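input_4.cif follows (mmCIF, C-alpha atoms and all ligand atoms):
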data_my_file
#
loop_
_atom_site.label_atom_id
_atom_site.label_comp_id
_atom_site.auth_asym_id
_atom_site.auth_seq_id
_atom_site.Cartn_x
_atom_site.Cartn_y
_atom_site.Cartn_z
CA MET A 1 1.63 44.38 -39.03
CA PRO A 2 -0.37 46.25 -41.66
CA LYS A 3 -3.56 44.57 -42.82
CA THR A 4 -3.20 43.23 -46.30
CA LYS A 5 -6.25 43.93 -48.37
CA PHE A 6 -8.12 40.85 -49.42
CA VAL A 7 -8.44 40.50 -53.18
CA PRO A 8 -10.73 37.71 -54.35
CA GLU A 9 -9.45 35.49 -57.08
CA LYS A 10 -11.54 35.21 -60.22
CA LEU A 11 -11.79 31.80 -61.82
CA SER A 12 -11.65 31.18 -65.57
CA ASN A 13 -15.41 30.51 -65.62
CA GLY A 14 -16.11 34.03 -64.33
CA SER A 15 -17.01 33.10 -60.76
CA PHE A 16 -14.88 33.71 -57.69
CA ALA A 17 -12.71 31.28 -55.77
CA SER A 18 -14.45 30.91 -52.41
CA ALA A 19 -13.22 27.51 -51.24
CA GLY A 20 -10.37 27.66 -48.76
CA LEU A 21 -10.96 31.24 -47.68
CA ASN A 22 -11.12 32.03 -44.01
CA ASP A 23 -14.53 33.12 -42.69
CA LYS A 24 -13.78 36.83 -42.73
CA GLN A 25 -12.55 36.70 -46.31
CA PHE A 26 -15.49 34.54 -47.26
CA ASN A 27 -17.82 37.14 -45.82
CA GLN A 28 -16.03 39.99 -47.59
CA LEU A 29 -16.25 38.17 -50.89
CA PHE A 30 -19.97 37.54 -50.56
CA ASN A 31 -20.67 41.10 -49.44
CA ARG A 32 -19.02 42.11 -52.68
CA ILE A 33 -21.08 39.63 -54.69
CA GLU A 34 -24.23 40.93 -53.04
CA LYS A 35 -23.38 44.50 -54.01
CA ALA A 36 -22.60 43.49 -57.58
CA GLN A 37 -25.95 41.68 -57.87
CA LYS A 38 -27.78 44.73 -56.63
CA LYS A 39 -26.05 46.88 -59.19
CA ALA A 40 -26.72 44.40 -61.98
CA ARG A 41 -30.43 44.39 -61.15
CA ARG A 42 -30.55 48.17 -61.40
CA ASN A 43 -29.08 48.02 -64.89
CA ALA A 44 -31.16 45.03 -65.99
CA LYS A 45 -33.17 45.50 -69.15
CA ARG A 46 -36.46 43.90 -70.12
CA THR A 47 -37.46 43.34 -66.52
CA LEU A 48 -41.13 43.39 -65.72
CA LYS A 49 -41.56 46.31 -63.37
CA PRO A 50 -44.57 46.91 -61.09
CA SER A 51 -45.67 49.89 -63.21
CA THR A 52 -45.93 47.69 -66.33
CA LEU A 53 -47.90 45.07 -64.42
CA THR A 54 -50.55 47.57 -63.47
CA ASN A 55 -50.44 49.55 -66.70
CA PRO A 56 -49.52 47.29 -69.64
CA THR A 57 -49.31 49.78 -72.51
CA PRO A 58 -48.43 48.32 -75.95
CA LYS A 59 -45.06 50.04 -75.75
CA ALA A 60 -44.29 48.60 -72.32
CA LEU A 61 -45.37 45.14 -73.51
CA LYS A 62 -43.09 45.35 -76.50
CA ALA A 63 -40.17 46.37 -74.29
CA LEU A 64 -40.48 43.08 -72.38
CA GLY A 65 -39.18 41.09 -75.33
CA GLU A 66 -40.52 37.67 -76.26
CA LYS A 67 -41.94 35.03 -73.97
CA ALA A 68 -41.16 32.33 -76.51
CA LYS A 69 -39.75 32.41 -79.99
CA GLY A 70 -41.87 34.84 -82.02
CA GLN A 71 -44.36 35.29 -79.18
CA ARG A 72 -44.82 38.55 -77.37
CA PHE A 73 -46.29 39.06 -73.92
CA THR A 74 -49.93 40.08 -73.98
CA LYS A 75 -52.09 42.16 -71.71
CA GLU A 76 -53.78 38.92 -70.58
CA ASP A 77 -50.39 37.51 -69.57
CA LEU A 78 -49.81 40.49 -67.37
CA GLN A 79 -53.26 40.32 -65.82
CA ARG A 80 -52.56 36.70 -64.95
CA PHE A 81 -49.17 37.67 -63.50
CA ASP A 82 -50.78 40.35 -61.38
CA LYS A 83 -53.34 37.86 -60.07
CA ASN A 84 -50.51 35.46 -59.18
CA ARG A 85 -48.73 38.26 -57.40
CA GLN A 86 -51.80 39.18 -55.34
CA ARG A 87 -52.44 35.54 -54.47
CA HIS A 88 -48.82 35.09 -53.40
CA LYS A 89 -48.93 38.17 -51.15
CA GLU A 90 -52.02 36.86 -49.47
CA LYS A 91 -50.80 33.30 -49.06
CA TYR A 92 -47.53 34.43 -47.49
CA ASP A 93 -49.19 37.12 -45.39
CA SER A 94 -47.09 40.02 -46.65
CA ARG A 95 -48.16 42.18 -43.69
CA THR A 96 -45.98 40.09 -41.35
CA ALA A 97 -42.25 39.72 -41.92
CA GLY A 98 -40.90 36.22 -42.50
CA ILE A 99 -42.30 32.72 -42.93
CA THR A 100 -41.89 29.66 -40.75
CA HIS A 101 -39.47 26.91 -41.69
CA ALA A 102 -42.36 24.42 -41.88
CA PHE A 103 -44.27 26.59 -44.35
CA LEU A 104 -41.10 27.11 -46.38
CA VAL A 105 -40.55 23.37 -46.73
CA LYS A 106 -44.24 22.60 -47.28
CA ASN A 107 -44.45 24.97 -50.25
CA SER A 108 -41.05 24.31 -51.78
CA ARG A 109 -40.71 22.50 -55.09
CA GLU A 110 -39.97 18.83 -54.88
CA ILE A 111 -36.92 19.20 -57.09
CA ASP A 112 -35.36 21.80 -54.78
CA ILE A 113 -35.88 19.49 -51.82
CA LYS A 114 -34.37 16.55 -53.70
CA ARG A 115 -31.33 18.63 -54.59
CA ALA A 116 -31.00 19.84 -51.01
CA ASN A 117 -31.07 16.21 -49.86
CA ASP A 118 -28.67 15.09 -52.58
CA GLN A 119 -31.29 12.71 -53.98
CA VAL A 120 -30.58 13.52 -57.63
CA ASP A 121 -27.99 12.05 -59.93
CA ASP A 122 -27.39 14.93 -62.33
CA GLY A 123 -24.74 16.69 -60.27
CA THR A 124 -27.11 19.32 -58.86
CA GLY A 125 -27.31 17.80 -55.38
CA ILE A 126 -25.59 19.40 -52.40
CA THR A 127 -24.01 17.78 -49.38
CA GLN A 128 -22.56 20.33 -47.01
CA ALA A 129 -23.50 23.49 -45.14
CA ASN A 130 -21.47 25.20 -42.45
CA PHE A 131 -22.72 27.74 -39.97
CA TYR A 132 -19.89 30.26 -39.62
CA ALA A 133 -21.16 33.60 -38.32
CA ILE A 134 -23.95 35.49 -36.64
CA LYS A 135 -24.59 39.20 -36.80
CA GLY A 136 -27.39 40.49 -34.58
CA ASN A 137 -30.39 38.39 -35.55
CA ILE A 138 -28.86 37.10 -38.80
CA ALA A 139 -27.18 33.70 -39.12
CA GLN A 140 -24.74 33.21 -42.00
CA ILE A 141 -24.18 29.83 -43.54
CA ASN A 142 -21.61 28.71 -46.05
CA VAL A 143 -23.15 26.13 -48.38
CA ARG A 144 -20.93 24.16 -50.68
CA ALA A 145 -22.13 24.37 -54.28
CA SER A 146 -23.07 21.27 -56.25
CA ILE A 147 -20.53 19.49 -58.45
CA GLY A 148 -22.34 20.74 -61.52
CA SER A 149 -22.18 24.39 -60.48
CA LYS A 150 -19.66 26.91 -61.74
CA HIS A 151 -19.49 28.25 -58.20
CA GLN A 152 -17.64 26.74 -55.25
CA ASN A 153 -19.85 28.03 -52.44
CA HIS A 154 -22.94 30.07 -51.71
CA ARG A 155 -23.81 32.19 -48.73
CA VAL A 156 -27.24 31.82 -47.15
CA LYS A 157 -28.35 34.50 -44.73
CA VAL A 158 -31.25 33.86 -42.39
CA ARG A 159 -32.84 36.54 -40.24
CA PHE A 160 -34.90 35.43 -37.23
CA GLU A 161 -37.84 37.82 -37.19
CA GLN A 162 -38.90 36.96 -33.62
CA TRP A 163 -35.36 37.22 -32.20
CA ASP A 164 -35.84 40.65 -30.65
CA GLU A 165 -39.04 39.80 -28.83
CA LEU A 166 -37.57 36.47 -27.65
CA ILE A 167 -34.36 38.07 -26.42
CA GLN A 168 -36.43 40.33 -24.21
CA SER A 169 -38.62 37.61 -22.81
CA PRO A 170 -37.17 34.10 -23.30
CA PRO A 171 -39.67 31.47 -22.12
CA LYS A 172 -38.96 30.86 -18.41
CA GLY A 173 -35.62 32.62 -18.90
CA ASP A 174 -34.42 29.80 -21.15
CA TYR A 175 -32.41 31.09 -24.15
CA GLN A 176 -32.09 27.62 -25.61
CA LYS A 177 -35.87 27.43 -25.83
CA ALA A 178 -36.01 31.00 -27.16
CA VAL A 179 -33.60 30.12 -29.97
CA GLN A 180 -35.56 26.99 -30.79
CA LEU A 181 -38.69 29.12 -31.20
CA ALA A 182 -36.77 31.70 -33.25
CA CYS A 183 -35.49 29.01 -35.64
CA ALA A 184 -38.89 27.35 -36.08
CA GLY A 185 -40.66 30.70 -36.16
CA ARG A 186 -40.79 33.39 -38.82
CA ILE A 187 -37.57 33.85 -40.82
CA SER A 188 -36.47 35.93 -43.80
CA PHE A 189 -33.63 34.81 -46.03
CA ASP A 190 -31.40 35.39 -49.01
CA CYS A 191 -29.00 33.36 -51.13
CA ASP A 192 -26.66 34.61 -53.83
CA CYS A 193 -27.29 31.68 -56.20
CA GLY A 194 -29.02 32.04 -59.55
CA ARG A 195 -32.01 29.96 -58.52
CA HIS A 196 -32.83 32.33 -55.71
CA GLN A 197 -32.02 35.40 -57.75
CA TYR A 198 -34.12 34.58 -60.83
CA TRP A 199 -36.83 32.33 -59.43
CA TYR A 200 -37.46 33.14 -55.80
CA ARG A 201 -36.19 36.55 -54.70
CA TYR A 202 -39.16 38.28 -56.29
CA LEU A 203 -41.50 35.95 -54.37
CA ALA A 204 -39.62 36.65 -51.16
CA THR A 205 -39.91 40.38 -51.75
CA MET A 206 -43.66 40.19 -52.46
CA GLY A 207 -44.30 37.80 -49.56
CA ASN A 208 -42.20 39.94 -47.20
CA TYR A 209 -39.68 37.24 -46.31
CA ALA A 210 -36.73 38.63 -48.26
CA LEU A 211 -33.64 39.49 -46.32
CA ALA A 212 -33.08 42.80 -48.08
CA PRO A 213 -31.12 44.33 -49.57
CA PRO A 214 -31.27 43.15 -52.26
CA LYS A 215 -34.98 43.28 -52.97
CA GLU A 216 -36.33 42.16 -56.29
CA PHE A 217 -39.26 43.91 -57.97
CA ALA A 218 -38.90 42.41 -61.43
CA PHE A 219 -41.56 39.75 -62.02
CA PRO A 220 -39.97 36.38 -63.06
CA LYS A 221 -42.01 36.38 -66.25
CA ILE A 222 -40.10 33.57 -67.98
CA LYS A 223 -38.57 31.49 -65.19
CA ASN A 224 -41.38 31.38 -62.66
CA PRO A 225 -44.56 33.21 -63.81
CA GLU A 226 -46.76 30.94 -61.67
CA LEU A 227 -44.74 32.06 -58.65
CA SER A 228 -44.43 28.54 -57.30
CA GLY A 229 -41.82 27.23 -54.88
CA VAL A 230 -40.13 29.14 -52.08
CA ALA A 231 -36.51 28.35 -51.51
CA CYS A 232 -33.44 27.13 -53.36
CA LYS A 233 -31.65 23.97 -52.21
CA HIS A 234 -29.10 26.05 -50.27
CA VAL A 235 -31.74 27.84 -48.22
CA LEU A 236 -33.62 24.58 -47.70
CA LYS A 237 -30.54 22.85 -46.34
CA ALA A 238 -29.36 25.78 -44.21
CA THR A 239 -32.76 26.39 -42.61
CA THR A 240 -33.26 22.68 -41.96
CA MET A 241 -29.91 22.44 -40.22
CA LEU A 242 -30.91 25.47 -38.14
CA GLN A 243 -33.57 23.25 -36.54
CA SER A 244 -30.83 21.18 -34.91
CA LEU A 245 -29.71 21.55 -31.30
CA ALA A 246 -26.09 21.49 -32.44
CA TRP A 247 -26.50 24.88 -34.15
CA GLN A 248 -29.12 26.22 -31.78
CA ARG A 249 -26.78 25.89 -28.79
CA ILE A 250 -24.33 28.25 -30.49
CA LEU A 251 -27.11 30.70 -31.30
CA ALA A 252 -28.36 30.53 -27.71
CA THR A 253 -24.93 31.53 -26.38
CA GLN A 254 -25.00 34.52 -28.71
CA MET A 255 -28.54 35.47 -27.77
CA LYS A 256 -27.63 35.37 -24.12
CA ALA A 257 -24.53 37.47 -24.72
CA GLN A 258 -26.56 39.98 -26.72
CA ALA A 259 -29.16 40.21 -23.96
CA LYS A 260 -26.44 41.16 -21.49
CA ARG A 261 -25.14 43.95 -23.67
CA VAL A 262 -26.64 47.37 -23.27
CA GLY A 263 -28.79 48.50 -26.15
CA PHE A 264 -29.37 45.06 -27.57
CA GLY A 265 -31.28 44.87 -30.80
CA SER A 266 -28.83 47.23 -32.43
CA ASP A 267 -25.95 44.79 -32.18
CA SER A 268 -23.99 45.15 -35.40
CA ARG A 269 -20.91 43.11 -34.54
CA THR A 270 -20.33 39.93 -36.49
CA HIS A 271 -19.48 36.95 -34.34
CA PHE A 272 -17.44 34.39 -36.26
CA LEU A 273 -17.68 30.93 -34.76
CA SER A 274 -14.65 29.84 -32.75
CA ASP A 275 -12.90 26.57 -33.54
CA ASP A 276 -14.69 24.90 -30.64
CA GLU A 277 -18.04 26.18 -31.82
CA LYS A 278 -17.31 24.97 -35.34
CA LYS A 279 -16.45 21.57 -34.01
CA ALA A 280 -19.75 21.49 -32.12
CA ALA A 281 -21.61 22.79 -35.17
CA SER A 282 -20.20 20.02 -37.34
CA LYS A 283 -22.06 17.49 -35.15
CA ASN A 284 -25.32 18.65 -36.75
CA ARG A 285 -27.17 15.52 -37.93
CA LYS A 286 -30.37 17.26 -39.00
CA THR A 287 -29.14 17.61 -42.54
CA LYS A 288 -32.07 16.28 -44.57
CA VAL A 289 -35.18 18.24 -45.41
CA ASN A 290 -38.14 16.27 -44.11
CA VAL A 291 -41.44 17.15 -45.80
CA ASP A 292 -43.64 14.99 -43.54
CA GLU A 293 -42.14 16.55 -40.45
CA ALA A 294 -42.70 20.01 -41.94
CA GLN A 295 -46.34 19.18 -42.69
CA ARG A 296 -46.87 18.12 -39.09
CA ALA A 297 -45.02 21.15 -37.72
CA HIS A 298 -47.07 23.42 -39.93
CA LYS A 299 -50.36 21.91 -38.74
CA LYS A 300 -49.22 22.35 -35.16
CA TYR A 301 -48.24 25.94 -35.88
CA GLU A 302 -51.61 26.62 -37.49
CA ARG A 303 -53.40 25.20 -34.46
CA SER A 304 -51.38 27.34 -32.07
CA GLN A 305 -51.99 30.41 -34.26
CA ALA A 306 -55.72 29.71 -34.22
CA ALA A 307 -55.66 29.31 -30.43
CA MET A 308 -53.76 32.56 -30.12
CA ALA A 309 -56.25 34.32 -32.40
CA ARG A 310 -59.12 33.03 -30.26
CA GLU A 311 -57.39 34.22 -27.11
CA LEU A 312 -56.82 37.65 -28.65
CA GLU A 313 -60.45 37.78 -29.74
CA LYS A 314 -61.57 36.91 -26.21
CA ARG A 315 -59.33 39.58 -24.72
CA LYS A 316 -60.70 42.06 -27.22
CA ARG A 317 -64.25 41.14 -26.27
CA ASP A 318 -63.45 41.38 -22.54
CA GLY A 319 -61.81 44.72 -23.19
CA GLN A 320 -64.84 45.98 -25.06
CA ARG A 321 -67.09 44.75 -22.28
CA SER A 322 -65.15 46.62 -19.64
CA ILE A 323 -65.12 49.74 -21.83
CA LYS A 324 -68.91 49.46 -22.06
CA GLN A 325 -69.18 49.05 -18.30
CA ALA A 326 -66.95 52.01 -17.67
CA ARG A 327 -69.07 54.08 -20.00
CA LYS A 328 -72.24 53.03 -18.16
CA ILE A 329 -70.77 53.92 -14.78
CA ARG A 330 -69.60 57.25 -16.08
CA LYS A 331 -73.06 57.96 -17.46
CA GLN A 332 -74.67 57.09 -14.14
CA SER A 333 -72.29 59.21 -12.12
CA ASN A 334 -72.89 62.10 -14.49
CA LEU A 335 -76.60 61.68 -13.93
CA ILE A 336 -76.18 61.72 -10.15
CA LYS A 337 -74.00 64.80 -10.39
CA LYS A 338 -76.66 66.51 -12.46
CA GLN A 339 -79.39 65.55 -10.00
CA GLU A 340 -77.31 66.89 -7.13
CA GLN A 341 -76.80 70.15 -8.98
CA GLN A 342 -80.52 70.42 -9.60
CA LEU A 343 -81.23 69.70 -5.96
CA THR A 344 -78.77 72.35 -4.78
CA ALA A 345 -80.41 74.87 -7.12
CA GLN A 346 -83.83 73.96 -5.74
CA ARG A 347 -82.62 74.35 -2.15
CA ASP A 348 -81.16 77.76 -2.93
CA MET A 349 -84.46 78.78 -4.44
CA LEU A 350 -86.37 77.53 -1.39
CA ARG A 351 -84.00 79.29 0.98
CA VAL A 352 -84.25 82.65 -0.84
CA GLY A 353 -88.04 82.19 -1.18
CA PHE A 354 -88.42 81.49 2.52
CA LYS A 355 -86.36 84.55 3.43
CA ASN A 356 -88.72 86.80 1.45
CA PHE A 357 -91.77 84.96 2.88
CA HIS A 358 -90.48 85.35 6.43
CA ASP A 359 -89.73 89.08 5.86
CA GLY A 360 -93.37 89.53 4.85
CA TYR A 361 -94.59 87.71 8.01
CA LYS A 362 -92.23 89.80 10.16
CA LEU A 363 -93.89 92.96 8.85
CA GLN A 364 -97.23 91.45 9.85
CA GLY A 365 -95.80 90.74 13.32
CA LYS A 366 -95.94 86.96 12.87
CA SER A 367 -93.34 84.52 14.25
CA ARG A 368 -90.72 82.52 12.38
CA ASP A 369 -92.42 79.26 13.36
CA GLU A 370 -95.66 80.46 11.78
CA ALA A 371 -93.73 81.38 8.62
CA VAL A 372 -92.12 77.92 8.51
CA LYS A 373 -95.42 76.13 9.00
CA ASP A 374 -97.22 78.05 6.26
CA TYR A 375 -94.31 78.02 3.82
CA ALA A 376 -93.99 74.22 4.29
CA LYS A 377 -97.67 73.78 3.56
CA MET A 378 -97.25 75.66 0.25
CA PHE A 379 -94.70 73.05 -0.90
CA ASP A 380 -96.49 70.10 0.64
CA VAL A 381 -93.62 69.20 3.00
CA SER A 382 -93.40 68.99 6.80
CA ALA A 383 -92.02 71.86 8.86
CA SER A 384 -89.00 69.80 9.97
CA GLN A 385 -88.18 68.86 6.38
CA LEU A 386 -88.24 72.52 5.42
CA GLU A 387 -86.07 73.43 8.37
CA LYS A 388 -83.39 71.03 7.13
CA VAL A 389 -83.28 72.78 3.79
CA ILE A 390 -83.33 76.38 4.87
CA LYS A 391 -81.09 76.27 7.93
ZN ZN A 401 -29.29 29.24 -53.32
#
Would you mind writing the structure in this file as structure tokens?
Ligand SMILES: [Zn+2]
Amino acid sequence: MPKTKFVPEKLSNGSFASAGLNDKQFNQLFNRIEKAQKKARRNAKRTLKPSTLTNPTPKALKALGEKAKGQRFTKEDLQRFDKNRQRHKEKYDSRTAGITHAFLVKNSREIDIKRANDQVDDGTGITQANFYAIKGNIAQINVRASIGSKHQNHRVKVRFEQWDELIQSPPKGDYQKAVQLACAGRISFDCDCGRHQYWYRYLATMGNYALAPPKEFAFPKIKNPELSGVACKHVLKATTMLQSLAWQRILATQMKAQAKRVGFGSDSRTHFLSDDEKKAASKNRKTKVNVDEAQRAHKKYERSQAAMARELEKRKRDGQRSIKQARKIRKQSNLIKKQEQQLTAQRDMLRVGFKNFHDGYKLQGKSRDEAVKDYAKMFDVSASQLEKVIK
């Protein structure tokens, strides 16, 4: 049977029908949405680009439009933005990919958490998220949009940044434990919703926890100039549910399967959850974002990081000590070698000298023993000592 090409249905409000699709179609649709967003960003006008941030010429400032009615952006605004950007990069340690789930929750806005937990009464709360696929180290979650949204669903993608190292050395060979660490450990993410796109994707890009593409380099100058918050309600819900055993068991099966395959790490197949797996996944009861728990988990994480840093520092010191010792030994052995060389040279000199001395005695009709005795006297050594050298 020939494959019929999937054509997404566009709703009257401009969004796509995503409810009721099968997982493959759902994925195709959201891949398409992702591409369209990327393209739209390229064509976006009045975005605050990095070059304007660092070089706010009057012309570039004017091109940004107004920050409020009749108010233009100033050079001071941009200096403040740049400071915020630097602070954000530092806080989220942009040198390392991903952030932990605890840190994500801890720094999220209260309103996003309330919406994720459906604790609002304005129709922006969400209630359901379904884990439906995994591709390499990326989990894909279908999150049902709020009643107030013009969309039906959103797709959250979460990449486990420590997956590859854990797949190679799961603690005590336990993949379940490895997955648990991967889920609580550093993750990068993306969501197609407007909140993520206009408020948080820039932050994720700067903090190096964006699952790219798409990256976002346009500063959110109107929506979120203070660069506060981290994740939209969809990401909050999806990543919280990823802390549950019900989902982690499914991930562990996949990790184990990937470990068995040759050339793991470059696994590009998408595994869609089977009906049984979906049934198991639906038993997930860890559906509410818990700030207190995140605070505790973050403190614990910080303590373990500090302990690890101390251990690394100690190893570094030990390493340096042994380098120093090795250097010392090398120096000493070089010295001994040099002394030996000097000694050999001295012996050669003595030997040649004695030969000439003895030749002279021979001409005078004197014996070798006499030559040895007198030559030894010249160097203030005993005859037997000299014999050892010249023999
Ligand atoms: Zn979202």
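Compared by their closest atoms to ligand ZN 401 (chain A), and using all atoms listed in the file, the residues A:Ala345, A:Cys232, A:Ile113, A:Leu181 rank with A:Cys232 nearest.
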Which residues of range 222-333 of chain A come within 12 Å of range 119-143 of chain A, and for each one, what is the closest pair of atoms and their distance in Å to one decimal, counting only C-alpha atoms, sorted by chain and residue number, as JSON lines?
{"residue": "A:Cys232", "atom": "CA", "partner": "A:Ile126", "partner_atom": "CA", "distance": 11.1}
{"residue": "A:Lys233", "atom": "CA", "partner": "A:Ile126", "partner_atom": "CA", "distance": 7.6}
{"residue": "A:His234", "atom": "CA", "partner": "A:Val143", "partner_atom": "CA", "distance": 6.2}
{"residue": "A:Val235", "atom": "CA", "partner": "A:Val143", "partner_atom": "CA", "distance": 8.8}
{"residue": "A:Leu236", "atom": "CA", "partner": "A:Ala129", "partner_atom": "CA", "distance": 10.5}
{"residue": "A:Lys237", "atom": "CA", "partner": "A:Ala129", "partner_atom": "CA", "distance": 7.2}
{"residue": "A:Ala238", "atom": "CA", "partner": "A:Ala129", "partner_atom": "CA", "distance": 6.4}
{"residue": "A:Thr239", "atom": "CA", "partner": "A:Ile141", "partner_atom": "CA", "distance": 9.3}
{"residue": "A:Thr240", "atom": "CA", "partner": "A:Ala129", "partner_atom": "CA", "distance": 10.3}
{"residue": "A:Met241", "atom": "CA", "partner": "A:Ala129", "partner_atom": "CA", "distance": 8.1}
{"residue": "A:Leu242", "atom": "CA", "partner": "A:Phe131", "partner_atom": "CA", "distance": 8.7}
{"residue": "A:Ser244", "atom": "CA", "partner": "A:Phe131", "partner_atom": "CA", "distance": 11.6}
{"residue": "A:Ala246", "atom": "CA", "partner": "A:Phe131", "partner_atom": "CA", "distance": 10.3}
{"residue": "A:Trp247", "atom": "CA", "partner": "A:Phe131", "partner_atom": "CA", "distance": 7.5}
{"residue": "A:Gln248", "atom": "CA", "partner": "A:Phe131", "partner_atom": "CA", "distance": 10.5}
{"residue": "A:Ile250", "atom": "CA", "partner": "A:Ile134", "partner_atom": "CA", "distance": 9.5}
{"residue": "A:Leu251", "atom": "CA", "partner": "A:Ile134", "partner_atom": "CA", "distance": 7.8}
{"residue": "A:Ala252", "atom": "CA", "partner": "A:Ile134", "partner_atom": "CA", "distance": 11.1}
{"residue": "A:Thr253", "atom": "CA", "partner": "A:Ile134", "partner_atom": "CA", "distance": 11.0}
{"residue": "A:Gln254", "atom": "CA", "partner": "A:Ile134", "partner_atom": "CA", "distance": 8.1}
{"residue": "A:Met255", "atom": "CA", "partner": "A:Asn137", "partner_atom": "CA", "distance": 8.5}
{"residue": "A:Lys256", "atom": "CA", "partner": "A:Gly136", "partner_atom": "CA", "distance": 11.6}
{"residue": "A:Ala257", "atom": "CA", "partner": "A:Gly136", "partner_atom": "CA", "distance": 10.7}
{"residue": "A:Gln258", "atom": "CA", "partner": "A:Gly136", "partner_atom": "CA", "distance": 7.9}
{"residue": "A:Ala259", "atom": "CA", "partner": "A:Gly136", "partner_atom": "CA", "distance": 10.8}
{"residue": "A:Arg261", "atom": "CA", "partner": "A:Gly136", "partner_atom": "CA", "distance": 11.7}
{"residue": "A:Gly263", "atom": "CA", "partner": "A:Gly136", "partner_atom": "CA", "distance": 11.7}
{"residue": "A:Phe264", "atom": "CA", "partner": "A:Gly136", "partner_atom": "CA", "distance": 8.6}
{"residue": "A:Gly265", "atom": "CA", "partner": "A:Gly136", "partner_atom": "CA", "distance": 7.0}
{"residue": "A:Ser266", "atom": "CA", "partner": "A:Gly136", "partner_atom": "CA", "distance": 7.2}
{"residue": "A:Asp267", "atom": "CA", "partner": "A:Gly136", "partner_atom": "CA", "distance": 5.1}
{"residue": "A:Ser268", "atom": "CA", "partner": "A:Gly136", "partner_atom": "CA", "distance": 5.8}
{"residue": "A:Arg269", "atom": "CA", "partner": "A:Lys135", "partner_atom": "CA", "distance": 5.8}
{"residue": "A:Thr270", "atom": "CA", "partner": "A:Lys135", "partner_atom": "CA", "distance": 4.3}
{"residue": "A:His271", "atom": "CA", "partner": "A:Ile134", "partner_atom": "CA", "distance": 5.2}
{"residue": "A:Phe272", "atom": "CA", "partner": "A:Ala133", "partner_atom": "CA", "distance": 4.3}
{"residue": "A:Leu273", "atom": "CA", "partner": "A:Tyr132", "partner_atom": "CA", "distance": 5.4}
{"residue": "A:Ser274", "atom": "CA", "partner": "A:Tyr132", "partner_atom": "CA", "distance": 8.7}
{"residue": "A:Asp275", "atom": "CA", "partner": "A:Tyr132", "partner_atom": "CA", "distance": 10.0}
{"residue": "A:Asp276", "atom": "CA", "partner": "A:Tyr132", "partner_atom": "CA", "distance": 11.7}
{"residue": "A:Glu277", "atom": "CA", "partner": "A:Tyr132", "partner_atom": "CA", "distance": 9.0}
{"residue": "A:Lys278", "atom": "CA", "partner": "A:Tyr132", "partner_atom": "CA", "distance": 7.3}
{"residue": "A:Lys279", "atom": "CA", "partner": "A:Asn130", "partner_atom": "CA", "distance": 10.5}
{"residue": "A:Ala280", "atom": "CA", "partner": "A:Phe131", "partner_atom": "CA", "distance": 10.5}
{"residue": "A:Ala281", "atom": "CA", "partner": "A:Phe131", "partner_atom": "CA", "distance": 7.0}
{"residue": "A:Ser282", "atom": "CA", "partner": "A:Asn130", "partner_atom": "CA", "distance": 7.4}
{"residue": "A:Lys283", "atom": "CA", "partner": "A:Asn130", "partner_atom": "CA", "distance": 10.6}
{"residue": "A:Asn284", "atom": "CA", "partner": "A:Asn130", "partner_atom": "CA", "distance": 9.5}
{"residue": "A:Arg285", "atom": "CA", "partner": "A:Gln128", "partner_atom": "CA", "distance": 11.3}
{"residue": "A:Lys286", "atom": "CA", "partner": "A:Ala129", "partner_atom": "CA", "distance": 11.1}
{"residue": "A:Thr287", "atom": "CA", "partner": "A:Gln128", "partner_atom": "CA", "distance": 8.4}
{"residue": "A:Lys288", "atom": "CA", "partner": "A:Thr127", "partner_atom": "CA", "distance": 9.5}
{"residue": "A:Val289", "atom": "CA", "partner": "A:Gln119", "partner_atom": "CA", "distance": 10.9}
Report task. Set the cut-off to 8 Å, count only C-alpha atoms and all ligand atoms, and list whatever residues fall near ligand ZN 401 (chain A) as number ranges by chain. Result -> A: 154-156, 190-196, 231-235
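When CA of Thr100 in chain A is paired with CA of Lys260 in chain A, their separation reads 27.2 Å.
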Closest-contact table, range 153-226 of chain A side, partner range 67-83 of chain A, 9 Å, counting all atoms listed in the file, as JSON lines:
{"residue": "A:Phe219", "atom": "CA", "partner": "A:Phe81", "partner_atom": "CA", "distance": 8.0}
{"residue": "A:Lys221", "atom": "CA", "partner": "A:Phe81", "partner_atom": "CA", "distance": 7.8}
{"residue": "A:Ile222", "atom": "CA", "partner": "A:Lys67", "partner_atom": "CA", "distance": 6.4}
{"residue": "A:Pro225", "atom": "CA", "partner": "A:Phe81", "partner_atom": "CA", "distance": 6.4}
{"residue": "A:Glu226", "atom": "CA", "partner": "A:Phe81", "partner_atom": "CA", "distance": 7.4}
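Closest approach to Arg85 in chain A among A:Ala102, A:Ser169, A:Leu29, A:Ser228 is made by A:Ser228 (distances from all atoms listed in the file).
Using only C-alpha atoms for every distance, the candidate list A:Ser322, A:His151, A:Val105, A:Val179 yields A:Val179 as the residue closest to Asp164 in chain A.
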Query - Among listed residues A:Asn224, A:Ser12, A:Asn290, A:Asn356, nearest Gln243 in chain A (using all atoms listed in the file) - result: A:Asn290
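Closest to Asn117 in chain A among A:Val7, A:Met378, A:Ala40, A:Val291 is A:Val291, based on only C-alpha atoms.
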Requested in this report: Quick one: everything within 9 Å of Gln162 in chain A, counting only C-alpha atoms, minus sequence neighbours fewer than 6 positions away in the same chain. Send it as a PyMOL selection string.
Outcome: chain A and resi 137+181-183+185-187
**Report entry** Straight-line distance linking CA of Tyr200 in chain A with CA of Lys39 in chain A, stated in Å to one decimal
**Finding:** 18.2 Å
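CA of Arg95 in chain A to CA of Ala210 in chain A spans 12.8 Å [interatomic distance, one decimal].
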